[in-house]
$ cat work_2.cif   # mmCIF, C-alpha atoms
data_structure
#
loop_
_atom_site.group_PDB
_atom_site.id
_atom_site.type_symbol
_atom_site.label_atom_id
_atom_site.label_comp_id
_atom_site.auth_asym_id
_atom_site.auth_seq_id
_atom_site.Cartn_x
_atom_site.Cartn_y
_atom_site.Cartn_z
ATOM 1 C CA MET D 1 20.125 2.111 19.459
ATOM 2 C CA SER D 2 17.545 3.443 17.012
ATOM 3 C CA ASN D 3 19.842 2.306 14.214
ATOM 4 C CA ILE D 4 19.565 -1.297 15.390
ATOM 5 C CA ILE D 5 15.783 -0.999 15.659
ATOM 6 C CA PHE D 6 15.711 0.440 12.140
ATOM 7 C CA TYR D 7 17.645 -2.470 10.660
ATOM 8 C CA ILE D 8 15.585 -5.101 12.495
ATOM 9 C CA LEU D 9 12.332 -3.442 11.384
ATOM 10 C CA SER D 10 13.591 -3.150 7.808
ATOM 11 C CA GLY D 11 14.497 -6.824 7.732
ATOM 12 C CA ILE D 12 11.056 -7.864 8.961
ATOM 13 C CA THR D 13 9.385 -5.429 6.546
ATOM 14 C CA LEU D 14 11.202 -6.750 3.497
ATOM 15 C CA CYS D 15 10.810 -10.420 4.428
ATOM 16 C CA SER D 16 7.080 -10.118 5.027
ATOM 17 C CA ALA D 17 6.647 -8.020 1.868
ATOM 18 C CA LEU D 18 8.361 -10.801 -0.075
ATOM 19 C CA PHE D 19 6.087 -13.351 1.584
ATOM 20 C CA VAL D 20 3.015 -11.321 0.523
ATOM 21 C CA ILE D 21 4.007 -11.789 -3.097
ATOM 22 C CA LEU D 22 5.277 -15.353 -2.979
ATOM 23 C CA SER D 23 2.746 -17.142 -0.784
ATOM 24 C CA LYS D 24 0.200 -19.301 -2.609
ATOM 25 C CA ASN D 25 -2.703 -18.706 -0.233
ATOM 26 C CA PRO D 26 -4.190 -15.172 -0.286
ATOM 27 C CA VAL D 27 -5.056 -15.392 3.436
ATOM 28 C CA TYR D 28 -1.358 -15.759 4.290
ATOM 29 C CA SER D 29 -0.645 -12.831 1.981
ATOM 30 C CA VAL D 30 -3.088 -10.659 3.918
ATOM 31 C CA LEU D 31 -1.644 -11.682 7.271
ATOM 32 C CA SER D 32 1.926 -10.947 6.248
ATOM 33 C CA LEU D 33 0.761 -7.657 4.757
ATOM 34 C CA VAL D 34 -0.541 -6.799 8.234
ATOM 35 C CA ILE D 35 2.964 -7.500 9.577
ATOM 36 C CA THR D 36 4.465 -5.286 6.871
ATOM 37 C CA PHE D 37 2.157 -2.411 7.735
ATOM 38 C CA SER D 38 2.879 -2.794 11.435
ATOM 39 C CA CYS D 39 6.603 -2.546 10.690
ATOM 40 C CA ILE D 40 6.033 0.565 8.581
ATOM 41 C CA THR D 41 4.120 1.974 11.549
ATOM 42 C CA GLY D 42 7.236 1.306 13.619
ATOM 43 C CA HIS D 43 9.323 3.195 11.070
ATOM 44 C CA MET D 44 6.935 6.135 11.324
ATOM 45 C CA LEU D 45 7.293 6.093 15.105
ATOM 46 C CA LEU D 46 11.072 6.169 14.667
ATOM 47 C CA LEU D 47 10.632 9.301 12.533
ATOM 48 C CA SER D 48 8.504 10.870 15.314
ATOM 49 C CA ALA D 49 5.300 10.910 13.250
ATOM 50 C CA ASP D 50 3.239 9.632 16.176
ATOM 51 C CA PHE D 51 -0.271 10.505 15.044
ATOM 52 C CA LEU D 52 0.329 9.283 11.513
ATOM 53 C CA ALA D 53 1.663 5.995 12.858
ATOM 54 C CA VAL D 54 -1.552 5.397 14.782
ATOM 55 C CA VAL D 55 -3.661 6.358 11.766
ATOM 56 C CA ASN D 56 -1.604 4.020 9.579
ATOM 57 C CA LEU D 57 -2.155 1.165 12.000
ATOM 58 C CA ILE D 58 -5.901 1.761 12.291
ATOM 59 C CA VAL D 59 -6.648 2.457 8.636
ATOM 60 C CA TYR D 60 -4.296 0.048 6.899
ATOM 61 C CA ALA D 61 -3.618 -2.807 9.294
ATOM 62 C CA GLY D 62 -7.139 -2.543 10.705
ATOM 63 C CA ALA D 63 -9.743 -1.461 8.204
ATOM 64 C CA ILE D 64 -8.321 -2.252 4.778
ATOM 65 C CA MET D 65 -6.911 -5.625 5.752
ATOM 66 C CA VAL D 66 -10.219 -6.650 7.354
ATOM 67 C CA LEU D 67 -11.894 -5.657 4.082
ATOM 68 C CA PHE D 68 -9.484 -7.928 2.199
ATOM 69 C CA LEU D 69 -10.156 -10.805 4.587
ATOM 70 C CA PHE D 70 -13.916 -10.350 4.240
ATOM 71 C CA VAL D 71 -13.681 -10.444 0.463
ATOM 72 C CA ILE D 72 -11.501 -13.575 0.543
ATOM 73 C CA MET D 73 -13.972 -15.312 2.838
ATOM 74 C CA MET D 74 -16.953 -14.148 0.777
ATOM 75 C CA LEU D 75 -15.489 -15.428 -2.478
ATOM 76 C CA ASN D 76 -14.809 -18.916 -1.090
ATOM 77 C CA LEU D 77 -11.745 -19.370 -3.242
ATOM 78 C CA ASN D 78 -11.245 -23.103 -2.826
ATOM 79 C CA ASP D 79 -11.045 -24.100 -6.459
ATOM 80 C CA ALA D 80 -10.338 -20.657 -7.848
ATOM 81 C CA VAL D 81 -7.050 -20.518 -5.965
ATOM 82 C CA ALA D 82 -5.488 -23.205 -8.139
ATOM 83 C CA PRO D 83 -2.876 -21.432 -10.231
ATOM 84 C CA ALA D 84 -3.524 -21.292 -13.912
ATOM 85 C CA GLY D 85 -0.754 -22.510 -16.132
ATOM 86 C CA LYS D 86 1.720 -19.706 -16.372
ATOM 87 C CA SER D 87 4.783 -19.788 -18.510
ATOM 88 C CA PHE D 88 8.258 -19.621 -17.074
ATOM 89 C CA MET D 89 9.042 -16.788 -19.451
ATOM 90 C CA SER D 90 6.451 -14.412 -18.008
ATOM 91 C CA LYS D 91 7.719 -15.068 -14.475
ATOM 92 C CA LEU D 92 11.264 -14.442 -15.651
ATOM 93 C CA ALA D 93 10.113 -11.254 -17.380
ATOM 94 C CA ALA D 94 8.451 -10.058 -14.161
ATOM 95 C CA PHE D 95 11.615 -10.805 -12.185
ATOM 96 C CA VAL D 96 13.903 -9.079 -14.677
ATOM 97 C CA SER D 97 11.734 -5.974 -14.982
ATOM 98 C CA GLY D 98 11.318 -5.676 -11.210
ATOM 99 C CA GLY D 99 15.063 -6.029 -10.706
ATOM 100 C CA LEU D 100 15.851 -3.528 -13.439
ATOM 101 C CA PHE D 101 13.398 -1.087 -11.872
ATOM 102 C CA LEU D 102 15.147 -1.420 -8.527
ATOM 103 C CA ILE D 103 18.574 -0.946 -10.133
ATOM 104 C CA ALA D 104 17.352 2.141 -11.986
ATOM 105 C CA LEU D 105 15.897 3.628 -8.785
ATOM 106 C CA VAL D 106 19.044 2.994 -6.752
ATOM 107 C CA TYR D 107 21.265 4.313 -9.545
ATOM 108 C CA LEU D 108 19.194 7.497 -9.830
ATOM 109 C CA LEU D 109 19.237 8.102 -6.082
ATOM 110 C CA LYS D 110 22.863 7.111 -5.543
ATOM 111 C CA GLY D 111 24.507 10.470 -6.101
ATOM 112 C CA GLN D 112 22.080 12.441 -3.948
ATOM 113 C CA GLN D 113 23.596 14.058 -0.916
ATOM 114 C CA ILE D 114 20.894 13.825 1.731
ATOM 115 C CA GLY D 115 21.704 14.498 5.319
ATOM 116 C CA SER D 116 20.380 12.230 8.005
ATOM 117 C CA VAL D 117 17.349 13.055 10.115
ATOM 118 C CA ASP D 118 18.195 14.866 13.297
ATOM 119 C CA LEU D 119 15.290 14.146 15.617
ATOM 120 C CA SER D 120 16.566 16.442 18.339
ATOM 121 C CA SER D 121 16.247 19.461 16.046
ATOM 122 C CA LEU D 122 12.524 18.881 15.478
ATOM 123 C CA ASP D 123 9.879 20.791 17.378
ATOM 124 C CA GLU D 124 8.646 19.321 20.600
ATOM 125 C CA ASN D 125 5.242 18.312 19.272
ATOM 126 C CA PHE D 126 6.302 17.569 15.698
ATOM 127 C CA GLY D 127 3.786 15.229 14.105
ATOM 128 C CA SER D 128 1.252 15.512 16.909
ATOM 129 C CA ALA D 129 -2.466 15.578 16.170
ATOM 130 C CA GLN D 130 -2.677 19.233 17.196
ATOM 131 C CA GLU D 131 -0.010 20.450 14.794
ATOM 132 C CA LEU D 132 -1.276 18.316 11.914
ATOM 133 C CA GLY D 133 -4.837 19.529 12.538
ATOM 134 C CA LYS D 134 -3.717 23.134 12.341
ATOM 135 C CA ILE D 135 -2.102 22.551 8.956
ATOM 136 C CA LEU D 136 -4.943 20.375 7.690
ATOM 137 C CA PHE D 137 -7.680 22.859 8.523
ATOM 138 C CA ASN D 138 -5.854 25.980 7.428
ATOM 139 C CA GLN D 139 -3.626 25.256 4.486
ATOM 140 C CA PHE D 140 -5.270 22.119 3.121
ATOM 141 C CA ILE D 141 -8.944 22.784 3.822
ATOM 142 C CA LEU D 142 -10.048 22.508 0.178
ATOM 143 C CA PRO D 143 -8.359 19.115 -0.473
ATOM 144 C CA PHE D 144 -9.853 17.935 2.798
ATOM 145 C CA GLU D 145 -13.364 18.810 1.649
ATOM 146 C CA ILE D 146 -12.762 17.245 -1.760
ATOM 147 C CA THR D 147 -11.624 14.071 -0.008
ATOM 148 C CA SER D 148 -14.990 13.849 1.720
ATOM 149 C CA VAL D 149 -16.731 14.026 -1.662
ATOM 150 C CA LEU D 150 -14.355 11.313 -2.916
ATOM 151 C CA PHE D 151 -15.299 9.083 -0.011
ATOM 152 C CA LEU D 152 -19.000 9.660 -0.592
ATOM 153 C CA SER D 153 -18.710 8.739 -4.271
ATOM 154 C CA ALA D 154 -16.570 5.698 -3.413
ATOM 155 C CA MET D 155 -19.194 4.551 -0.915
ATOM 156 C CA ILE D 156 -22.048 4.948 -3.399
ATOM 157 C CA GLY D 157 -19.998 3.253 -6.100
ATOM 158 C CA ALA D 158 -19.144 0.295 -3.900
ATOM 159 C CA VAL D 159 -22.793 -0.183 -2.923
ATOM 160 C CA MET D 160 -23.946 0.051 -6.527
ATOM 161 C CA LEU D 161 -21.266 -2.351 -7.774
ATOM 162 C CA GLY D 162 -21.942 -4.813 -4.999
ATOM 163 C CA LYS D 163 -25.632 -5.227 -5.714
ATOM 164 C CA LYS D 164 -26.680 -8.573 -7.101
ATOM 165 C CA ASP D 165 -28.485 -7.326 -10.159
ATOM 166 C CA LEU D 166 -28.772 -3.697 -11.118
ATOM 167 C CA LYS D 167 -32.003 -4.228 -13.028
ATOM 168 C CA ASP D 168 -33.814 -5.457 -9.923
ATOM 169 C CA ASN D 169 -34.408 -2.006 -8.514
ATOM 170 C CA MET V 170 22.391 8.086 0.298
ATOM 171 C CA SER V 171 20.114 7.404 3.177
ATOM 172 C CA GLU V 172 18.889 4.021 4.373
ATOM 173 C CA TYR V 173 15.252 5.057 4.124
ATOM 174 C CA LEU V 174 15.641 5.790 0.420
ATOM 175 C CA VAL V 175 17.058 2.298 -0.125
ATOM 176 C CA LEU V 176 14.349 0.655 1.963
ATOM 177 C CA CYS V 177 11.532 2.483 0.187
ATOM 178 C CA SER V 178 13.059 1.791 -3.240
ATOM 179 C CA ILE V 179 13.232 -1.914 -2.444
ATOM 180 C CA LEU V 180 9.659 -1.944 -1.105
ATOM 181 C CA PHE V 181 8.361 -0.092 -4.160
ATOM 182 C CA SER V 182 10.115 -2.419 -6.584
ATOM 183 C CA LEU V 183 8.829 -5.420 -4.627
ATOM 184 C CA GLY V 184 5.324 -4.051 -5.135
ATOM 185 C CA ALA V 185 5.902 -3.528 -8.849
ATOM 186 C CA PHE V 186 7.373 -7.021 -9.094
ATOM 187 C CA GLY V 187 4.314 -8.417 -7.324
ATOM 188 C CA VAL V 188 1.916 -6.746 -9.746
ATOM 189 C CA LEU V 189 3.806 -8.267 -12.672
ATOM 190 C CA TYR V 190 4.454 -11.671 -11.094
ATOM 191 C CA ARG V 191 1.076 -12.691 -9.678
ATOM 192 C CA ARG V 192 -2.083 -13.295 -11.694
ATOM 193 C CA ASN V 193 -4.417 -13.213 -8.678
ATOM 194 C CA ILE V 194 -6.223 -9.852 -8.633
ATOM 195 C CA LEU V 195 -6.340 -9.810 -4.813
ATOM 196 C CA VAL V 196 -2.580 -10.189 -4.505
ATOM 197 C CA MET V 197 -2.093 -7.548 -7.191
ATOM 198 C CA PHE V 198 -4.160 -5.157 -5.064
ATOM 199 C CA MET V 199 -1.989 -5.993 -2.067
ATOM 200 C CA SER V 200 1.133 -5.219 -4.099
ATOM 201 C CA ILE V 201 -0.352 -1.842 -5.020
ATOM 202 C CA GLU V 202 -0.901 -1.237 -1.293
ATOM 203 C CA LEU V 203 2.769 -2.059 -0.707
ATOM 204 C CA MET V 204 3.834 0.543 -3.260
ATOM 205 C CA LEU V 205 1.536 3.188 -1.764
ATOM 206 C CA ASN V 206 2.875 2.478 1.705
ATOM 207 C CA SER V 207 6.492 2.740 0.649
ATOM 208 C CA VAL V 208 5.758 6.178 -0.800
ATOM 209 C CA ASN V 209 3.973 7.117 2.440
ATOM 210 C CA LEU V 210 7.024 6.150 4.464
ATOM 211 C CA LEU V 211 9.262 8.199 2.170
ATOM 212 C CA MET V 212 6.935 11.197 2.586
ATOM 213 C CA VAL V 213 7.178 10.901 6.371
ATOM 214 C CA TYR V 214 10.957 10.606 6.117
ATOM 215 C CA PHE V 215 11.283 13.752 4.027
ATOM 216 C CA SER V 216 8.898 15.643 6.271
ATOM 217 C CA ALA V 217 11.125 14.812 9.243
ATOM 218 C CA LEU V 218 14.227 15.645 7.203
ATOM 219 C CA HIS V 219 13.017 19.108 6.239
ATOM 220 C CA ASN V 220 11.178 19.755 9.506
ATOM 221 C CA ASP V 221 7.988 20.450 7.544
ATOM 222 C CA GLN V 222 4.721 18.820 8.556
ATOM 223 C CA SER V 223 2.932 19.377 5.237
ATOM 224 C CA GLY V 224 4.420 16.099 4.048
ATOM 225 C CA GLN V 225 2.542 14.260 6.778
ATOM 226 C CA VAL V 226 -0.719 15.897 5.686
ATOM 227 C CA PHE V 227 -0.040 14.603 2.184
ATOM 228 C CA VAL V 228 0.230 11.109 3.628
ATOM 229 C CA PHE V 229 -3.314 11.559 4.940
ATOM 230 C CA PHE V 230 -4.575 12.296 1.461
ATOM 231 C CA ILE V 231 -2.678 9.346 -0.011
ATOM 232 C CA MET V 232 -4.291 7.094 2.606
ATOM 233 C CA ALA V 233 -7.752 8.481 1.795
ATOM 234 C CA VAL V 234 -7.315 7.919 -1.939
ATOM 235 C CA ALA V 235 -5.929 4.425 -1.296
ATOM 236 C CA ALA V 236 -8.895 3.524 0.894
ATOM 237 C CA ALA V 237 -11.380 4.715 -1.747
ATOM 238 C CA GLU V 238 -9.473 2.894 -4.473
ATOM 239 C CA ILE V 239 -9.398 -0.370 -2.567
ATOM 240 C CA THR V 240 -13.119 -0.161 -1.781
ATOM 241 C CA ILE V 241 -14.060 0.291 -5.428
ATOM 242 C CA GLY V 242 -11.494 -2.267 -6.581
ATOM 243 C CA LEU V 243 -12.763 -4.955 -4.255
ATOM 244 C CA ALA V 244 -16.363 -4.263 -5.308
ATOM 245 C CA ILE V 245 -15.326 -4.678 -8.939
ATOM 246 C CA LEU V 246 -13.463 -7.852 -7.992
ATOM 247 C CA VAL V 247 -16.573 -9.332 -6.373
ATOM 248 C CA MET V 248 -18.504 -8.516 -9.539
ATOM 249 C CA ILE V 249 -15.846 -10.159 -11.720
ATOM 250 C CA PHE V 250 -15.980 -13.254 -9.528
ATOM 251 C CA ARG V 251 -19.763 -13.442 -9.856
ATOM 252 C CA HIS V 252 -19.613 -13.224 -13.627
ATOM 253 C CA LEU V 253 -16.568 -15.368 -14.387
ATOM 254 C CA GLY V 254 -16.164 -17.583 -11.315
ATOM 255 C CA SER V 255 -12.477 -16.810 -11.104
ATOM 256 C CA ILE V 256 -10.225 -14.023 -9.905
ATOM 257 C CA ASN V 257 -7.399 -14.845 -12.248
ATOM 258 C CA ILE V 258 -6.532 -11.802 -14.341
ATOM 259 C CA ASP V 259 -5.982 -14.048 -17.366
ATOM 260 C CA SER V 260 -9.703 -14.862 -17.443
ATOM 261 C CA LEU V 261 -10.450 -11.247 -18.384
ATOM 262 C CA LYS V 262 -9.699 -11.584 -22.071
ATOM 263 C CA LYS V 263 -12.986 -10.889 -23.803
ATOM 264 C CA LEU V 264 -11.554 -7.833 -25.472
ATOM 265 C CA LYS V 265 -8.591 -9.820 -26.773
ATOM 266 C CA TRP V 266 -8.500 -10.404 -30.526
#
$ encode --input "work_2.cif" --output "structure tokens"
Amino acid sequence: MSNIIFYILSGITLCSALFVILSKNPVYSVLSLVITFSCITGHMLLLSADFLAVVNLIVYAGAIMVLFLFVIMMLNLNDAVAPAGKSFMSKLAAFVSGGLFLIALVYLLKGQQIGSVDLSSLDENFGSAQELGKILFNQFILPFEITSVLFLSAMIGAVMLGKKDLKDN
Amino acid sequence: MSEYLVLCSILFSLGAFGVLYRRNILVMFMSIELMLNSVNLLMVYFSALHNDQSGQVFVFFIMAVAAAEITIGLAILVMIFRHLGSINIDSLKKLKW
């Protein structure tokens, strides 16, 4: 049963990821990226990472995608959307290098003997907020604090970059 | 080899392909997000495989760094649009000989 769900989700994920890249209008790209992230959330639920799935949905499909939509609407890309003349060769080069990268990855990973996930062997509250919080605030407390500094600097940087003219202050 | 490895490899290469294929900076950012998310999914898979929840904590940090990166990147993009009137990456060629 979960195998069927996995294959359906994977199909939707890959199709919408392809649509993100190939669609001409950035708004459609954002919307299909939301679908992709929702499918990845489904994959995380299949792997019993419940809390992380919810965080993924809120942070990625919610916050970051809304940020993208705001920027697209703010820029008013009516005439800027028109594609600049781009040679066939560079598209072909992108296709060939992407395909070669995929072949290299699959070839490297092919021989690996990796067992399948046995969900019944996991702890009862594997991936719950309680368990993750215990690890986060004991083992990873220093990276957690550094992340807060990173967010503060990102916030200040975004505000400074977004100002109309820096000399005005 | 497992299906998740194949899925994440395909997603990651789709992201890399998108960065090379598109000239729109917004879509390039979205492709980077795709790559980050495929790695996140792989992290979750391995954490379930090894019954070790540290991998899921790493996904938190990847998400935090991605959020900060996207914030700064979009601010820079708005600035580029104000100066050049375009978000095509080919218009950023002032340093070109």
$ interface_residues --input "work_2.cif" --of "chain D" --to "chain V" --cutoff "6 Å" --atoms "all atoms listed in the file" --output "list in words"
Ile21, Ala80, Lys91, Ala94, Gly98, Leu102, Lys110, Val117, Ala154, Ala158, Leu161 and Gly162 of chain D
$ atom_distance --input "work_2.cif" --atom1 "atom CA of D:Leu109" --atom2 "atom CA of D:Phe19"
26.3 Å
$ residues_around --input "work_2.cif" --residues "D:Asn56" --least-positions-apart "5" --cutoff "8 Å" --atoms "all atoms listed in the file" --output "count of residues only"
3
$ atom_distance --input "work_2.cif" --atom1 "atom CA of D:Leu142" --atom2 "atom CA of D:Asp50"
24.5 Å
$ closest_residue --input "work_2.cif" --among "V:Ile231, V:Lys265, V:Ile249, V:Met212" --to "D:Val59" --atoms "all atoms listed in the file"
V:Ile231
$ residues_around --input "work_2.cif" --residues "D:Val54" --least-positions-apart "2" --cutoff "10 Å" --atoms "all atoms listed in the file" --output "list in words"
Ser38, Thr41, Gly42, Met44, Leu45, Ala49, Asp50, Phe51, Leu52, Asn56, Leu57, Ile58, Val59 and Tyr60 of chain D
$ atom_distance --input "work_2.cif" --atom1 "atom CA of D:Gly127" --atom2 "atom CA of D:Leu46"
11.6 Å
$ closest_residue --input "work_2.cif" --among "D:Pro143, D:Leu69, D:Ser48, D:Ser16" --to "D:Ser128" --atoms "all atoms listed in the file"
D:Ser48
$ axis_aligned_box --input "work_2.cif" --around "stretch 207-224 of chain V" --padding-each-side "3 Å" --output "JSON"
{"center_x": 8.6, "center_y": 11.6, "center_z": 4.4, "size_x": 17.3, "size_y": 23.7, "size_z": 16.3}
$ residues_around --input "work_2.cif" --residues "D:Ser29" --least-positions-apart "2" --cutoff "9 Å" --atoms "all atoms listed in the file" --output "list of chain:residue names"
D:Ser16, D:Ala17, D:Phe19, D:Val20, D:Ile21, D:Leu22, D:Ser23, D:Lys24, D:Asn25, D:Pro26, D:Val27, D:Leu31, D:Ser32, D:Leu33, D:Val34, V:Val196, V:Met199
$ closest_residue --input "work_2.cif" --among "D:Ile40, D:Ile135, D:Ser90, D:Ser2" --to "V:Val208" --atoms "only C-alpha atoms"
D:Ile40
$ resolve_selection --input "work_2.cif" --expression "the PyMOL selection byres ((chain D and resi 9) around 8)" --output "short mmCIF file (atom, residue, chain, number, x, y, z; two decimals) with C-alpha atoms, in the frame of the given file"
data_model
loop_
_atom_site.label_atom_id
_atom_site.label_comp_id
_atom_site.auth_asym_id
_atom_site.auth_seq_id
_atom_site.Cartn_x
_atom_site.Cartn_y
_atom_site.Cartn_z
CA ILE D 5 15.78 -1.00 15.66
CA PHE D 6 15.71 0.44 12.14
CA TYR D 7 17.64 -2.47 10.66
CA ILE D 8 15.58 -5.10 12.50
CA SER D 10 13.59 -3.15 7.81
CA GLY D 11 14.50 -6.82 7.73
CA ILE D 12 11.06 -7.86 8.96
CA THR D 13 9.38 -5.43 6.55
CA CYS D 39 6.60 -2.55 10.69
CA ILE D 40 6.03 0.56 8.58
CA GLY D 42 7.24 1.31 13.62
CA HIS D 43 9.32 3.20 11.07
#
